[in-house]
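Accompanying notes for the structure given below.
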Amino acid sequence: MDGHFVPNLTFGPVVVKKIRSYSQLFFDVHLMIDDAPKYAPEFVKAGADGITFHLEAVSNPREMIKQLRDLGVSTGISIKPGTPVGALEPVVAGVDMVLLMTVEPGFGGQSFLPESLQRAEKLRKMLRADQRLEVDGGIDATTSPVIVAAGADTLVAGNAVFGQESPAEAVKTIYESATANT
């Protein structure tokens, strides 16, 4: 988050580089910033394995997708709740993942927007079997099963995990809830 595209700031490439030395896990970087083409290479150099950018934040999403492919990372594109799902149609075939924001990006602790279920269903129909549908915002043990049923396969949870006494137990609860009917 850059304080421009969204009204908050979070860590940058320096932090990614520092924590990379402690983990070989997949680093999925969600750029909620205005100038993704400028900063994406820095995040890749710092250790990002995947970069997701916002459709609303770039003037030419096809060029951004090409840049990420040339950098050799997994490529994702995200949309805010107010952006029509159909806006992705011209570029969705070129990405590995679509990130559907289920709250307005920029602040944790927001409630899941119910219309996100229909949006996820529409997006799932647009995607190939090898493309992921990630959701971010208001994900917890209550919302995870319904958004998974709507087509999501990757969940991002913030306050429902890090705001808990036992983050590990919170992750387990969300996972069990999301997979109970599969």
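Each chain in the structure tokens gets a letter, A, B, ..., in the order shown, and its residues are numbered from 1; ligands are numbered from 1 in order too.
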
Check your understanding: So which residues touch Pro114 in chain A within 10 Å, counting only C-alpha atoms, skipping near sequence neighbours fewer than 4 positions away, as a PyMOL selection string?
Key -> chain A and resi 102-103+118-119+143+146-147

Point to revise | Expected answer as a count of residues only: strand (DSSP E) residues in range 7-100 of chain A | key: 19

Check your understanding: Neighbours of Leu31 in chain A within 6 Å (only C-alpha atoms; same-chain residues fewer than 2 positions away dropped), as a VMD selection string?
Key -> chain A and resid 33 52 to 53

Keeping only N, CA, C and O atoms, write the selected residues to a file as a compact mmCIF listing (two decimals), in the first residue's frame.
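Once written, selection19.txt looks like this:
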```
# COMPACT_ATOMS: atom_id res chain seq x y z
N ILE A 33 -0.80 -0.18 -5.21
CA ILE A 33 -0.02 1.04 -5.44
C ILE A 33 -0.33 1.61 -6.82
O ILE A 33 -0.75 0.90 -7.72
N THR A 52 0.73 -9.37 -7.89
CA THR A 52 -0.63 -9.04 -8.27
C THR A 52 -0.75 -7.52 -8.28
O THR A 52 -0.36 -6.86 -7.33
N PHE A 53 -1.30 -7.00 -9.38
CA PHE A 53 -1.49 -5.56 -9.49
C PHE A 53 -2.98 -5.28 -9.68
O PHE A 53 -3.76 -6.17 -10.02
```

Check your understanding: Given the choices A:Ala168, A:Ala180, A:Met97, A:Met126, which gets closest to Asp153 in chain A if the distance is worked out from only C-alpha atoms?
Key -> A:Met97

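Distance check against Arg69 in chain A using only C-alpha atoms: of A:Met101, A:Leu25, A:Ile51, A:Val92, the minimum falls on A:Ile51.
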
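Restricting the calculation to only C-alpha atoms, the smallest distance between Gln67 in chain A and any of A:Gly137, A:Pro90, A:Pro37, A:Pro84 is found for A:Pro37.
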
Exercise for review: From range 8-129 of chain A, collect each residue whose DSSP state is alpha helix (DSSP H) and return the set as a PyMOL selection string.
Suggested key: chain A and resi 13-20+36-46+61-71+116-126

Can you pull out the residues contacting Glu134 in chain A? Cut-off 6 Å, using only C-alpha atoms, and skip same-chain residues under 4 positions away; I want them as a short mmCIF file (atom, residue, chain, number, x, y, z; two decimals) with all heavy atoms, in the first residue's frame.
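Output file part-v8.cif is given in full below:
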```cif
data_model
loop_
_atom_site.label_atom_id
_atom_site.label_comp_id
_atom_site.auth_asym_id
_atom_site.auth_seq_id
_atom_site.Cartn_x
_atom_site.Cartn_y
_atom_site.Cartn_z
N LEU A 99 -7.46 -11.75 -8.32
CA LEU A 99 -7.73 -11.44 -6.91
C LEU A 99 -8.96 -10.54 -6.85
O LEU A 99 -8.94 -9.42 -7.35
CB LEU A 99 -6.53 -10.76 -6.26
CG LEU A 99 -6.73 -10.16 -4.87
CD1 LEU A 99 -7.27 -11.17 -3.88
CD2 LEU A 99 -5.43 -9.56 -4.37
N ALA A 152 -14.00 -19.47 -5.20
CA ALA A 152 -12.66 -19.09 -4.75
C ALA A 152 -11.86 -20.32 -4.35
O ALA A 152 -12.42 -21.27 -3.78
CB ALA A 152 -12.75 -18.12 -3.58
N THR A 154 -8.36 -19.63 -3.24
CA THR A 154 -7.28 -19.07 -2.44
C THR A 154 -7.87 -17.95 -1.59
O THR A 154 -8.51 -17.05 -2.13
CB THR A 154 -6.15 -18.53 -3.35
OG1 THR A 154 -5.74 -19.57 -4.24
CG2 THR A 154 -4.97 -18.06 -2.53
N LEU A 155 -7.66 -18.03 -0.28
CA LEU A 155 -8.25 -17.07 0.64
C LEU A 155 -7.17 -16.28 1.35
O LEU A 155 -6.16 -16.83 1.78
CB LEU A 155 -9.10 -17.79 1.70
CG LEU A 155 -10.14 -18.78 1.19
CD1 LEU A 155 -10.85 -19.44 2.37
CD2 LEU A 155 -11.13 -18.12 0.26
#
```

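You can rank A:Glu56, A:Gly47, A:Val16, A:Ala150 by their closest distance to Asp35 in chain A using only C-alpha atoms, and at the top of that list sits A:Glu56.
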